[in-house]
$ cat final.txt   # compact mmCIF, C-alpha atoms
# COMPACT_ATOMS: atom_id res chain seq x y z
CA MET A 1 -51.35 62.40 11.15
CA MET A 2 -52.89 61.91 14.55
CA ALA A 3 -54.59 58.62 15.15
CA LEU A 4 -58.22 59.29 15.82
CA VAL A 5 -59.48 57.45 18.84
CA PHE A 6 -63.20 57.01 19.14
CA GLU A 7 -64.93 56.24 22.38
CA LYS A 8 -67.59 53.81 21.40
CA SER A 9 -70.73 53.81 23.44
CA LYS A 10 -74.32 52.99 22.72
CA ALA A 11 -75.06 56.69 22.32
CA SER A 12 -72.23 58.11 20.28
CA LYS A 13 -68.82 58.01 18.70
CA LYS A 14 -66.82 60.84 20.17
CA ILE A 15 -63.45 62.16 18.95
CA LYS A 16 -61.46 61.91 22.17
CA TRP A 17 -60.57 65.60 22.27
CA LEU A 18 -64.10 66.71 23.07
CA LYS A 19 -64.37 67.23 26.81
CA THR A 20 -68.04 66.37 27.18
CA SER A 21 -70.58 64.37 25.24
CA THR A 22 -73.65 65.96 23.76
CA SER A 23 -76.61 65.88 26.12
CA GLN A 24 -79.80 63.91 25.65
CA SER A 25 -81.69 67.23 25.65
CA TRP A 26 -79.85 68.39 22.52
CA LEU A 27 -80.65 65.10 20.80
CA ASP A 28 -84.33 65.36 21.78
CA GLN A 29 -84.44 68.96 20.53
CA ALA A 30 -82.73 68.06 17.23
CA ILE A 31 -84.95 65.05 16.58
CA ALA A 32 -88.05 67.14 17.28
CA HIS A 33 -87.00 69.78 14.68
CA PRO A 34 -85.35 67.89 11.82
CA LEU A 35 -85.93 70.53 9.13
CA GLU A 36 -84.64 73.42 11.23
CA ILE A 37 -81.53 71.34 11.97
CA LEU A 38 -81.13 70.61 8.24
CA ILE A 39 -81.40 74.31 7.32
CA ASP A 40 -78.88 75.18 10.01
CA HIS A 41 -76.65 72.33 8.88
CA ALA A 42 -76.61 73.70 5.31
CA ASN A 43 -75.68 77.12 6.70
CA CYS A 44 -72.88 75.54 8.77
CA GLU A 45 -71.39 73.77 5.73
CA ARG A 46 -71.41 77.02 3.76
CA LYS A 47 -69.85 78.89 6.69
CA ALA A 48 -67.16 76.22 7.05
CA ALA A 49 -66.27 76.64 3.37
CA GLY A 50 -66.16 80.41 3.75
CA ALA A 51 -63.98 80.16 6.86
CA ALA A 52 -61.48 77.88 5.09
CA ILE A 53 -61.26 80.30 2.16
CA GLN A 54 -60.79 83.25 4.55
CA MET A 55 -57.95 81.38 6.24
CA MET A 56 -56.32 80.73 2.84
CA PHE A 57 -56.54 84.47 2.24
CA ARG A 58 -55.18 85.51 5.62
CA TYR A 59 -52.18 83.17 5.40
CA ILE A 60 -51.72 83.38 1.67
CA GLY A 61 -47.97 82.71 1.59
CA GLU A 62 -48.00 79.89 4.15
CA PRO A 63 -46.64 76.81 2.36
CA GLY A 64 -48.81 73.71 2.46
CA LEU A 65 -51.93 75.48 3.68
CA ALA A 66 -53.98 76.25 0.57
CA GLU A 67 -53.38 72.69 -0.72
CA VAL A 68 -55.29 71.40 2.31
CA LEU A 69 -57.91 74.11 2.77
CA SER A 70 -59.07 74.44 -0.83
CA PRO A 71 -60.14 70.78 -1.24
CA LEU A 72 -61.65 70.94 2.25
CA ALA A 73 -63.73 74.00 1.25
CA ARG A 74 -64.87 72.16 -1.89
CA GLU A 75 -65.99 69.24 0.19
CA GLU A 76 -67.94 71.50 2.56
CA LEU A 77 -69.71 72.94 -0.48
CA GLU A 78 -70.52 69.44 -1.76
CA HIS A 79 -72.14 68.70 1.60
CA PHE A 80 -73.98 72.00 1.45
CA GLU A 81 -75.42 70.98 -1.93
CA ARG A 82 -76.33 67.51 -0.61
CA VAL A 83 -78.23 68.95 2.35
CA LEU A 84 -79.92 71.57 0.15
CA GLU A 85 -81.13 68.80 -2.17
CA ILE A 86 -82.83 66.99 0.72
CA LEU A 87 -84.30 70.24 2.04
CA LYS A 88 -85.81 70.96 -1.37
CA SER A 89 -87.17 67.44 -1.74
CA ARG A 90 -89.09 68.20 1.45
CA GLY A 91 -90.49 71.47 0.16
CA ARG A 92 -88.17 73.73 2.14
CA TYR A 93 -85.25 76.00 1.27
CA LEU A 94 -82.37 77.81 2.95
CA GLU A 95 -83.31 80.43 5.54
CA PRO A 96 -81.28 82.98 7.49
CA LEU A 97 -81.62 81.34 10.91
CA GLU A 98 -80.38 83.20 13.96
CA ALA A 99 -77.04 81.64 14.89
CA PRO A 100 -76.50 80.20 18.38
CA PRO A 101 -73.65 81.82 20.38
CA TYR A 102 -71.34 78.80 19.78
CA GLY A 103 -69.33 80.11 16.81
CA SER A 104 -68.89 83.67 18.03
CA LEU A 105 -67.88 82.59 21.55
CA LEU A 106 -65.33 80.16 20.14
CA ALA A 107 -63.99 82.89 17.84
CA LYS A 108 -63.48 85.11 20.90
CA SER A 109 -61.10 82.49 22.33
CA ILE A 110 -58.76 82.87 19.37
CA ARG A 111 -55.72 84.86 20.48
CA LYS A 112 -54.99 88.03 18.50
CA GLU A 113 -51.20 87.81 18.06
CA GLU A 114 -49.61 85.67 15.37
CA PRO A 115 -48.59 82.92 15.22
CA LEU A 116 -50.90 82.06 18.13
CA ARG A 117 -53.87 83.26 16.12
CA MET A 118 -53.05 80.74 13.42
CA LEU A 119 -52.69 77.91 15.92
CA ASP A 120 -55.97 78.77 17.64
CA SER A 121 -57.76 79.15 14.31
CA PHE A 122 -56.77 75.61 13.31
CA LEU A 123 -57.76 74.17 16.68
CA VAL A 124 -61.10 75.96 16.89
CA ALA A 125 -61.99 74.93 13.34
CA GLY A 126 -60.98 71.36 14.24
CA LEU A 127 -63.09 71.34 17.41
CA ILE A 128 -66.15 72.52 15.47
CA GLU A 129 -65.60 69.64 13.02
CA ALA A 130 -65.19 67.23 15.94
CA ARG A 131 -68.45 68.38 17.53
CA SER A 132 -70.27 68.18 14.20
CA HIS A 133 -68.94 64.66 13.82
CA GLU A 134 -70.18 63.67 17.27
CA ARG A 135 -73.64 65.12 16.71
CA MET A 136 -74.04 63.68 13.22
CA ALA A 137 -73.09 60.30 14.65
CA LEU A 138 -75.88 60.67 17.21
CA LEU A 139 -78.39 61.63 14.51
CA SER A 140 -77.22 58.80 12.26
CA LEU A 141 -78.14 56.40 15.06
CA HIS A 142 -81.17 58.00 16.64
CA SER A 143 -83.07 60.01 14.06
CA PRO A 144 -86.42 58.32 13.44
CA ASP A 145 -86.14 59.38 9.78
CA GLN A 146 -84.37 56.80 7.62
CA GLU A 147 -83.25 59.26 4.94
CA LEU A 148 -81.74 61.56 7.55
CA ARG A 149 -80.01 58.68 9.34
CA ALA A 150 -78.40 57.78 6.00
CA LEU A 151 -77.46 61.40 5.27
CA TYR A 152 -75.69 61.87 8.58
CA ALA A 153 -73.97 58.49 8.34
CA GLU A 154 -72.69 59.55 4.91
CA LEU A 155 -71.39 62.94 6.03
CA LEU A 156 -69.99 62.29 9.48
CA HIS A 157 -66.79 60.61 8.32
CA SER A 158 -65.73 63.77 6.49
CA GLU A 159 -66.17 65.76 9.66
CA ALA A 160 -63.73 63.44 11.46
CA ARG A 161 -61.31 63.70 8.55
CA HIS A 162 -61.58 67.50 8.63
CA PHE A 163 -60.76 67.50 12.32
CA CYS A 164 -57.63 65.50 11.46
CA LEU A 165 -56.69 67.93 8.70
CA TYR A 166 -56.86 70.91 11.03
CA TRP A 167 -55.01 69.00 13.73
CA THR A 168 -52.26 68.10 11.26
CA LEU A 169 -51.97 71.72 10.06
CA ALA A 170 -51.38 72.69 13.70
CA GLU A 171 -49.06 69.79 14.50
CA GLU A 172 -46.83 70.45 11.49
CA ARG A 173 -46.25 74.08 12.47
CA PHE A 174 -46.27 74.24 16.27
CA ASP A 175 -44.65 72.54 19.20
CA LYS A 176 -46.56 69.34 19.88
CA SER A 177 -46.89 69.74 23.62
CA ALA A 178 -47.95 73.42 23.45
CA THR A 179 -50.46 72.47 20.76
CA LEU A 180 -51.97 69.73 22.90
CA THR A 181 -52.16 72.03 25.91
CA ARG A 182 -53.96 74.67 23.88
CA LEU A 183 -56.31 72.12 22.33
CA ASN A 184 -57.23 71.04 25.85
CA GLU A 185 -57.94 74.61 26.91
CA LEU A 186 -60.07 75.31 23.84
CA ALA A 187 -61.90 72.00 24.23
CA GLU A 188 -62.82 73.06 27.78
CA VAL A 189 -64.21 76.33 26.41
CA GLU A 190 -66.11 74.45 23.68
CA SER A 191 -67.77 72.13 26.15
CA LYS A 192 -68.60 74.98 28.53
CA ILE A 193 -70.35 76.90 25.72
CA LEU A 194 -72.54 73.87 25.06
CA SER A 195 -73.26 73.17 28.74
CA GLU A 196 -76.40 75.28 28.47
CA ILE A 197 -78.57 74.30 25.55
CA HIS A 198 -79.58 77.15 23.21
CA HIS A 199 -83.35 77.69 23.11
CA GLU A 200 -83.51 77.23 19.35
CA PRO A 201 -82.67 73.94 17.63
CA ARG A 202 -79.33 74.23 15.86
CA MET A 203 -76.48 71.91 14.93
CA HIS A 204 -74.47 73.68 17.67
CA SER A 205 -77.25 74.68 20.10
CA MET B 206 -79.57 80.61 -21.49
CA MET B 207 -78.08 83.33 -23.63
CA ALA B 208 -76.33 82.20 -26.79
CA LEU B 209 -72.70 83.18 -26.51
CA VAL B 210 -71.42 84.85 -29.61
CA PHE B 211 -67.71 84.95 -30.11
CA GLU B 212 -65.98 87.41 -32.38
CA LYS B 213 -63.26 85.39 -33.96
CA SER B 214 -60.11 87.22 -34.90
CA LYS B 215 -56.49 86.28 -35.15
CA ALA B 216 -55.87 87.77 -31.74
CA SER B 217 -58.72 86.63 -29.53
CA LYS B 218 -62.11 85.17 -28.89
CA LYS B 219 -64.20 87.83 -27.21
CA ILE B 220 -67.57 87.38 -25.52
CA LYS B 221 -69.58 89.98 -27.40
CA TRP B 222 -70.58 91.93 -24.30
CA LEU B 223 -67.08 93.25 -23.68
CA LYS B 224 -66.88 96.75 -25.13
CA THR B 225 -63.20 96.71 -26.04
CA SER B 226 -60.60 94.08 -26.73
CA THR B 227 -57.54 93.69 -24.55
CA SER B 228 -54.61 95.74 -25.79
CA GLN B 229 -51.38 94.41 -27.20
CA SER B 230 -49.55 96.15 -24.35
CA TRP B 231 -51.37 94.00 -21.76
CA LEU B 232 -50.49 90.87 -23.70
CA ASP B 233 -46.83 91.91 -23.92
CA GLN B 234 -46.78 92.69 -20.19
CA ALA B 235 -48.43 89.35 -19.29
CA ILE B 236 -46.13 87.31 -21.51
CA ALA B 237 -43.09 89.04 -20.03
CA HIS B 238 -44.16 88.15 -16.45
CA PRO B 239 -45.73 84.68 -16.62
CA LEU B 240 -45.17 83.74 -12.97
CA GLU B 241 -46.57 86.97 -11.59
CA ILE B 242 -49.63 86.48 -13.79
CA LEU B 243 -49.96 82.90 -12.50
CA ILE B 244 -49.77 84.00 -8.87
CA ASP B 245 -52.34 86.72 -9.52
CA HIS B 246 -54.49 84.22 -11.42
CA ALA B 247 -54.52 81.87 -8.42
CA ASN B 248 -55.54 84.78 -6.20
CA CYS B 249 -58.33 85.68 -8.65
CA GLU B 250 -59.74 82.14 -8.63
CA ARG B 251 -59.77 82.10 -4.84
CA LYS B 252 -61.41 85.54 -4.74
CA ALA B 253 -64.05 84.42 -7.27
CA ALA B 254 -64.89 81.45 -5.05
CA GLY B 255 -65.11 83.71 -1.99
CA ALA B 256 -67.32 86.20 -3.82
CA ALA B 257 -69.74 83.45 -4.91
CA ILE B 258 -69.99 82.17 -1.33
CA GLN B 259 -70.55 85.71 -0.03
CA MET B 260 -73.37 86.15 -2.55
CA MET B 261 -74.93 82.87 -1.37
CA PHE B 262 -74.81 84.25 2.15
CA ARG B 263 -76.23 87.67 1.28
CA TYR B 264 -79.17 86.21 -0.66
CA ILE B 265 -79.59 83.11 1.43
CA GLY B 266 -83.31 82.59 0.84
CA GLU B 267 -83.25 83.37 -2.89
CA PRO B 268 -84.52 80.22 -4.64
CA GLY B 269 -82.27 78.78 -7.32
CA LEU B 270 -79.21 80.81 -6.38
CA ALA B 271 -77.14 78.56 -4.11
CA GLU B 272 -77.65 75.63 -6.51
CA VAL B 273 -75.74 77.62 -9.15
CA LEU B 274 -73.19 79.46 -7.01
CA SER B 275 -71.99 76.56 -4.87
CA PRO B 276 -70.82 74.35 -7.80
CA LEU B 277 -69.37 77.47 -9.42
CA ALA B 278 -67.35 78.22 -6.27
CA ARG B 279 -66.14 74.61 -6.23
CA GLU B 280 -64.97 74.93 -9.79
CA GLU B 281 -63.10 78.17 -9.03
CA LEU B 282 -61.33 76.32 -6.22
CA GLU B 283 -60.41 73.47 -8.56
CA HIS B 284 -58.82 76.01 -10.90
CA PHE B 285 -57.05 77.62 -7.96
CA GLU B 286 -55.55 74.22 -7.09
CA ARG B 287 -54.58 73.60 -10.72
CA VAL B 288 -52.74 76.93 -10.98
CA LEU B 289 -51.10 76.41 -7.58
CA GLU B 290 -49.79 73.02 -8.76
CA ILE B 291 -48.07 74.63 -11.78
CA LEU B 292 -46.70 77.44 -9.63
CA LYS B 293 -45.17 74.91 -7.25
CA SER B 294 -43.72 72.85 -10.07
CA ARG B 295 -41.85 76.01 -11.02
CA GLY B 296 -40.52 76.61 -7.53
CA ARG B 297 -42.92 79.41 -6.63
CA TYR B 298 -45.87 79.76 -4.27
CA LEU B 299 -48.82 82.06 -3.61
CA GLU B 300 -47.98 85.64 -2.67
CA PRO B 301 -50.08 88.57 -1.49
CA LEU B 302 -49.74 90.68 -4.65
CA GLU B 303 -51.07 94.22 -4.62
CA ALA B 304 -54.39 94.15 -6.48
CA PRO B 305 -54.94 96.41 -9.50
CA PRO B 306 -57.87 98.89 -9.18
CA TYR B 307 -60.09 96.76 -11.50
CA GLY B 308 -62.09 94.85 -8.87
CA SER B 309 -62.63 97.70 -6.45
CA LEU B 310 -63.66 100.16 -9.20
CA LEU B 311 -66.14 97.64 -10.60
CA ALA B 312 -67.52 97.03 -7.10
CA LYS B 313 -68.12 100.77 -6.76
CA SER B 314 -70.44 100.61 -9.78
CA ILE B 315 -72.76 98.21 -7.97
CA ARG B 316 -75.84 100.11 -6.87
CA LYS B 317 -76.64 100.00 -3.15
CA GLU B 318 -80.41 99.42 -3.15
CA GLU B 319 -81.93 96.00 -3.64
CA PRO B 320 -82.87 94.43 -5.95
CA LEU B 321 -80.58 96.55 -8.14
CA ARG B 322 -77.61 95.51 -6.04
CA MET B 323 -78.34 91.87 -6.83
CA LEU B 324 -78.66 92.56 -10.55
CA ASP B 325 -75.43 94.56 -10.64
CA SER B 326 -73.61 91.95 -8.59
CA PHE B 327 -74.49 89.25 -11.14
CA LEU B 328 -73.52 91.43 -14.09
CA VAL B 329 -70.21 92.61 -12.61
CA ALA B 330 -69.26 89.04 -11.67
CA GLY B 331 -70.20 87.98 -15.20
CA LEU B 332 -68.13 90.73 -16.81
CA ILE B 333 -65.08 89.75 -14.78
CA GLU B 334 -65.53 86.16 -16.00
CA ALA B 335 -65.92 87.42 -19.58
CA ARG B 336 -62.71 89.46 -19.37
CA SER B 337 -60.84 86.53 -17.81
CA HIS B 338 -62.08 84.36 -20.66
CA GLU B 339 -60.86 86.85 -23.26
CA ARG B 340 -57.43 87.20 -21.68
CA MET B 341 -56.96 83.48 -21.13
CA ALA B 342 -57.86 82.96 -24.78
CA LEU B 343 -55.09 85.40 -25.72
CA LEU B 344 -52.59 83.64 -23.49
CA SER B 345 -53.66 80.22 -24.80
CA LEU B 346 -52.72 81.43 -28.27
CA HIS B 347 -49.73 83.69 -27.68
CA SER B 348 -47.87 82.52 -24.60
CA PRO B 349 -44.46 81.21 -25.69
CA ASP B 350 -44.72 78.61 -22.90
CA GLN B 351 -46.40 75.40 -24.04
CA GLU B 352 -47.53 74.31 -20.57
CA LEU B 353 -49.14 77.69 -19.94
CA ARG B 354 -50.83 77.72 -23.35
CA ALA B 355 -52.36 74.35 -22.44
CA LEU B 356 -53.38 75.57 -18.98
CA TYR B 357 -55.21 78.61 -20.29
CA ALA B 358 -56.84 76.63 -23.08
CA GLU B 359 -58.09 74.20 -20.45
CA LEU B 360 -59.49 76.85 -18.12
CA LEU B 361 -60.92 79.45 -20.45
CA HIS B 362 -64.07 77.52 -21.35
CA SER B 363 -65.17 77.54 -17.72
CA GLU B 364 -64.81 81.31 -17.62
CA ALA B 365 -67.21 81.61 -20.56
CA ARG B 366 -69.61 79.19 -18.88
CA HIS B 367 -69.43 81.19 -15.65
CA PHE B 368 -70.29 84.36 -17.55
CA CYS B 369 -73.37 82.51 -18.87
CA LEU B 370 -74.33 81.36 -15.37
CA TYR B 371 -74.26 84.89 -14.00
CA TRP B 372 -76.10 86.19 -17.05
CA THR B 373 -78.79 83.53 -16.59
CA LEU B 374 -79.15 84.36 -12.88
CA ALA B 375 -79.82 87.97 -13.91
CA GLU B 376 -82.08 87.12 -16.85
CA GLU B 377 -84.28 84.82 -14.76
CA ARG B 378 -84.96 87.50 -12.18
CA PHE B 379 -84.99 90.84 -13.97
CA ASP B 380 -86.62 92.45 -16.97
CA LYS B 381 -84.63 91.45 -20.04
CA SER B 382 -84.38 94.88 -21.60
CA ALA B 383 -83.40 96.63 -18.33
CA THR B 384 -80.82 93.91 -17.74
CA LEU B 385 -79.28 94.37 -21.16
CA THR B 386 -79.19 98.16 -20.73
CA ARG B 387 -77.44 97.79 -17.38
CA LEU B 388 -74.99 95.21 -18.76
CA ASN B 389 -74.09 97.68 -21.48
CA GLU B 390 -73.48 100.44 -18.93
CA LEU B 391 -71.33 98.22 -16.75
CA ALA B 392 -69.42 96.90 -19.75
CA GLU B 393 -68.57 100.52 -20.64
CA VAL B 394 -67.25 101.04 -17.11
CA GLU B 395 -65.29 97.79 -17.31
CA SER B 396 -63.59 98.75 -20.55
CA LYS B 397 -62.87 102.27 -19.30
CA ILE B 398 -61.13 100.89 -16.20
CA LEU B 399 -58.85 98.82 -18.44
CA SER B 400 -58.16 101.63 -20.90
CA GLU B 401 -55.05 102.55 -18.92
CA ILE B 402 -52.83 99.60 -18.22
CA HIS B 403 -51.84 99.08 -14.57
CA HIS B 404 -48.11 99.32 -13.99
CA GLU B 405 -47.88 95.87 -12.47
CA PRO B 406 -48.62 92.71 -14.45
CA ARG B 407 -51.95 91.26 -13.33
CA MET B 408 -54.73 89.20 -14.89
CA HIS B 409 -56.81 92.40 -14.78
CA SER B 410 -54.10 95.05 -15.13
$ encode --input "final.txt" --output "structure tokens"
Amino acid sequence: MMALVFEKSKASKKIKWLKTSTSQSWLDQAIAHPLEILIDHANCERKAAGAAIQMMFRYIGEPGLAEVLSPLAREELEHFERVLEILKSRGRYLEPLEAPPYGSLLAKSIRKEEPLRMLDSFLVAGLIEARSHERMALLSLHSPDQELRALYAELLHSEARHFCLYWTLAEERFDKSATLTRLNELAEVESKILSEIHHEPRMHS
Amino acid sequence: MMALVFEKSKASKKIKWLKTSTSQSWLDQAIAHPLEILIDHANCERKAAGAAIQMMFRYIGEPGLAEVLSPLAREELEHFERVLEILKSRGRYLEPLEAPPYGSLLAKSIRKEEPLRMLDSFLVAGLIEARSHERMALLSLHSPDQELRALYAELLHSEARHFCLYWTLAEERFDKSATLTRLNELAEVESKILSEIHHEPRMHS
């Protein structure tokens, strides 16, 4: 398993594969709209579970895959339930928020032909986990709301672990150097998508 | 929550809403092909988890729904992992088996307009759980394989509980008498679909 290297700074812990750090404007936007971020966060956890289950379905006979993705999907659902609980304690519920372009643009970068599609699917899923980790770390430090700081501190370690799981799935099946090259390319795309902040507050705006 | 009434017979425990009992020919077929049934069973658990997550997505703002469906999906995934473990211990793995017509024919009975679609979705999901419960009960009694008897005995109670969960979701939101009438109609369809055994051994052949 890849050793995770964190760049420690006052502002954030960043998994080293992310090409750019989250901007202050995203943090300001997120802190100004904590409930909208929570609702979006719940939606993201549910989507992450659904995506893992879809991947299990698509590569049903791939040895060693379902054993990793099924527990990962369960953990995403546990987080979903945790966030939903806090939302409800604050008098809110899930809502169908308009998604920022982040997920769909990343999905477009996934190559169509197998086995490249599998490799890219792992790396894109891993990058989303890495970005979630970075942003939850920011919120765990800078949210003015103590309960939310604790929530994000509790959840962010799983995001880093999930990045590692996806990285390991890729590393076990593909040439190491080609995998690293592709991760670099996709990480460039990921950072470019986030270079303009989305007008609505989202976990990946 | 509805009181579950079981009809106790030598052959099976049957949730009373099922219109007909599983035939001896299904039991013979299943016992003759235990590994194919296990592989199909794993696929069914994964599909059940996916279906619950899809329902959470479709009815995202429906209060009280995600709180039930998310833990249910997690439990389906736990069962998936349990079955996969036994499969692997016997030198097999997941395979993309051709599905019997059961699921798709039941899905066709779901009415298109809301809120009827929601009601039917709960009832169809519940009936599938009820049938799984009945068949696992048969296998827990009649499989010649001790490990499989124990597996099915372990899992079948959750299937009955899941039927109750879906029933309760329906009962809380819809007129009781209309719900019962519709459950009866769908249970007729469900039994009719199974009246001819599928040529390949499946959990719902």
$ closest_atom_pairs --input "final.txt" --of "chain B" --to "chain A" --cutoff "10 Å" --atoms "all atoms listed in the file" --output "CSV"
residue,atom,partner,partner_atom,distance
B:Asn248,CA,A:Phe57,CA,8.5
B:Arg251,CA,A:Ile53,CA,7.4
B:Lys252,CA,A:Phe57,CA,8.6
B:Ala254,CA,A:Ile53,CA,8.2
B:Gly255,CA,A:Ile53,CA,6.6
B:Ala256,CA,A:Gly50,CA,9.6
B:Ala257,CA,A:Gly50,CA,9.9
B:Ile258,CA,A:Gly50,CA,6.6
B:Gln259,CA,A:Gly50,CA,7.9
B:Met261,CA,A:Arg46,CA,8.5
B:Phe262,CA,A:Arg46,CA,8.2
B:Arg263,CA,A:Pro96,CA,9.3
B:Tyr264,CA,A:Pro96,CA,9.0
B:Ile265,CA,A:Glu95,CA,6.2
B:Gly266,CA,A:Glu95,CA,5.2
B:Glu267,CA,A:Leu94,CA,8.1
B:Pro268,CA,A:Tyr93,CA,7.3
B:Gly269,CA,A:Tyr93,CA,9.5
B:Ala271,CA,A:Glu81,CA,8.1
B:Glu272,CA,A:Glu81,CA,6.9
B:Val273,CA,A:Glu81,CA,9.8
B:Leu274,CA,A:Leu77,CA,9.9
B:Ser275,CA,A:Leu77,CA,6.1
B:Pro276,CA,A:Leu77,CA,7.5
B:Ala278,CA,A:Arg74,CA,7.9
B:Arg279,CA,A:Arg74,CA,5.1
B:Glu280,CA,A:Arg74,CA,8.4
B:Glu281,CA,A:Arg74,CA,9.5
B:Leu282,CA,A:Ser70,CA,6.1
B:Glu283,CA,A:Pro71,CA,7.8
B:Phe285,CA,A:Ser70,CA,8.1
B:Glu286,CA,A:Glu67,CA,6.9
B:Leu289,CA,A:Glu67,CA,8.1
B:Glu290,CA,A:Glu67,CA,8.8
B:Lys293,CA,A:Pro63,CA,9.9
B:Tyr298,CA,A:Gly61,CA,6.9
B:Leu299,CA,A:Gly61,CA,5.3
B:Glu300,CA,A:Gly61,CA,5.2
B:Pro301,CA,A:Ile60,CA,6.3
B:Leu302,CA,A:Ile60,CA,9.9
$ residues_around --input "final.txt" --residues "region 332-337 of chain B" --least-positions-apart "2" --cutoff "7 Å" --atoms "all atoms listed in the file" --output "PDB file with C-alpha atoms, keeping the file's coordinate frame"
ATOM      1  CA  ILE B 220     -67.570  87.380 -25.520  1.00  0.00           C
ATOM      2  CA  LEU B 328     -73.520  91.430 -14.090  1.00  0.00           C
ATOM      3  CA  VAL B 329     -70.210  92.610 -12.610  1.00  0.00           C
ATOM      4  CA  ALA B 330     -69.260  89.040 -11.670  1.00  0.00           C
ATOM      5  CA  GLU B 339     -60.860  86.850 -23.260  1.00  0.00           C
ATOM      6  CA  ARG B 340     -57.430  87.200 -21.680  1.00  0.00           C
ATOM      7  CA  MET B 341     -56.960  83.480 -21.130  1.00  0.00           C
ATOM      8  CA  GLU B 364     -64.810  81.310 -17.620  1.00  0.00           C
ATOM      9  CA  ALA B 365     -67.210  81.610 -20.560  1.00  0.00           C
ATOM     10  CA  HIS B 367     -69.430  81.190 -15.650  1.00  0.00           C
ATOM     11  CA  PHE B 368     -70.290  84.360 -17.550  1.00  0.00           C
ATOM     12  CA  ALA B 392     -69.420  96.900 -19.750  1.00  0.00           C
TER      13      ALA B 392
END
$ atom_distance --input "final.txt" --atom1 "CA of Ala253 (chain B)" --atom2 "CA of Leu232 (chain B)"
22.3 Å
$ closest_residue --input "final.txt" --among "B:Asp325, B:Glu319, B:Glu401, B:Glu352" --to "Leu388 (chain B)" --atoms "only C-alpha atoms"
B:Asp325
$ atom_distance --input "final.txt" --atom1 "CA of Leu385 (chain B)" --atom2 "CA of Pro306 (chain B)"
24.9 Å
$ atom_distance --input "final.txt" --atom1 "CA of Ser345 (chain B)" --atom2 "CA of Ala235 (chain B)"
11.9 Å
$ closest_residue --input "final.txt" --among "B:Leu344, B:Ile398, B:Leu240, B:Leu324" --to "Ser309 (chain B)" --atoms "all atoms listed in the file"
B:Ile398
$ closest_residue --input "final.txt" --among "B:Glu250, B:Asp350, B:Glu395, B:Met323" --to "Leu277 (chain B)" --atoms "all atoms listed in the file"
B:Glu250
$ decode --input "final.txt" --residues "region 325-334 of chain B" --atoms "N, CA, C and O atoms" --output "PDB file, in the first residue's frame"
ATOM      1  N   ASP B 325     -45.672   0.923  -4.988  1.00  0.00           N
ATOM      2  CA  ASP B 325     -45.358  -0.350  -5.646  1.00  0.00           C
ATOM      3  C   ASP B 325     -43.891  -0.739  -5.461  1.00  0.00           C
ATOM      4  O   ASP B 325     -43.574  -1.929  -5.304  1.00  0.00           O
ATOM      5  N   SER B 326     -43.019   0.257  -5.469  1.00  0.00           N
ATOM      6  CA  SER B 326     -41.595  -0.041  -5.289  1.00  0.00           C
ATOM      7  C   SER B 326     -41.344  -0.665  -3.916  1.00  0.00           C
ATOM      8  O   SER B 326     -40.578  -1.634  -3.789  1.00  0.00           O
ATOM      9  N   PHE B 327     -41.983  -0.123  -2.888  1.00  0.00           N
ATOM     10  CA  PHE B 327     -41.838  -0.704  -1.547  1.00  0.00           C
ATOM     11  C   PHE B 327     -42.379  -2.138  -1.527  1.00  0.00           C
ATOM     12  O   PHE B 327     -41.747  -3.045  -0.982  1.00  0.00           O
ATOM     13  N   LEU B 328     -43.554  -2.323  -2.115  1.00  0.00           N
ATOM     14  CA  LEU B 328     -44.205  -3.633  -2.013  1.00  0.00           C
ATOM     15  C   LEU B 328     -43.451  -4.695  -2.817  1.00  0.00           C
ATOM     16  O   LEU B 328     -43.298  -5.834  -2.359  1.00  0.00           O
ATOM     17  N   VAL B 329     -42.982  -4.325  -4.007  1.00  0.00           N
ATOM     18  CA  VAL B 329     -42.215  -5.282  -4.812  1.00  0.00           C
ATOM     19  C   VAL B 329     -40.906  -5.643  -4.099  1.00  0.00           C
ATOM     20  O   VAL B 329     -40.553  -6.828  -3.995  1.00  0.00           O
ATOM     21  N   ALA B 330     -40.221  -4.635  -3.573  1.00  0.00           N
ATOM     22  CA  ALA B 330     -38.978  -4.926  -2.834  1.00  0.00           C
ATOM     23  C   ALA B 330     -39.278  -5.841  -1.650  1.00  0.00           C
ATOM     24  O   ALA B 330     -38.541  -6.793  -1.368  1.00  0.00           O
ATOM     25  N   GLY B 331     -40.394  -5.576  -0.972  1.00  0.00           N
ATOM     26  CA  GLY B 331     -40.778  -6.407   0.173  1.00  0.00           C
ATOM     27  C   GLY B 331     -41.099  -7.836  -0.238  1.00  0.00           C
ATOM     28  O   GLY B 331     -40.697  -8.792   0.446  1.00  0.00           O
ATOM     29  N   LEU B 332     -41.800  -7.995  -1.349  1.00  0.00           N
ATOM     30  CA  LEU B 332     -42.134  -9.349  -1.809  1.00  0.00           C
ATOM     31  C   LEU B 332     -40.886 -10.147  -2.183  1.00  0.00           C
ATOM     32  O   LEU B 332     -40.806 -11.352  -1.920  1.00  0.00           O
ATOM     33  N   ILE B 333     -39.934  -9.475  -2.790  1.00  0.00           N
ATOM     34  CA  ILE B 333     -38.673 -10.166  -3.128  1.00  0.00           C
ATOM     35  C   ILE B 333     -37.981 -10.640  -1.839  1.00  0.00           C
ATOM     36  O   ILE B 333     -37.485 -11.771  -1.755  1.00  0.00           O
ATOM     37  N   GLU B 334     -37.993  -9.785  -0.822  1.00  0.00           N
ATOM     38  CA  GLU B 334     -37.402 -10.185   0.466  1.00  0.00           C
ATOM     39  C   GLU B 334     -38.182 -11.369   1.049  1.00  0.00           C
ATOM     40  O   GLU B 334     -37.588 -12.311   1.602  1.00  0.00           O
TER      41      GLU B 334
END
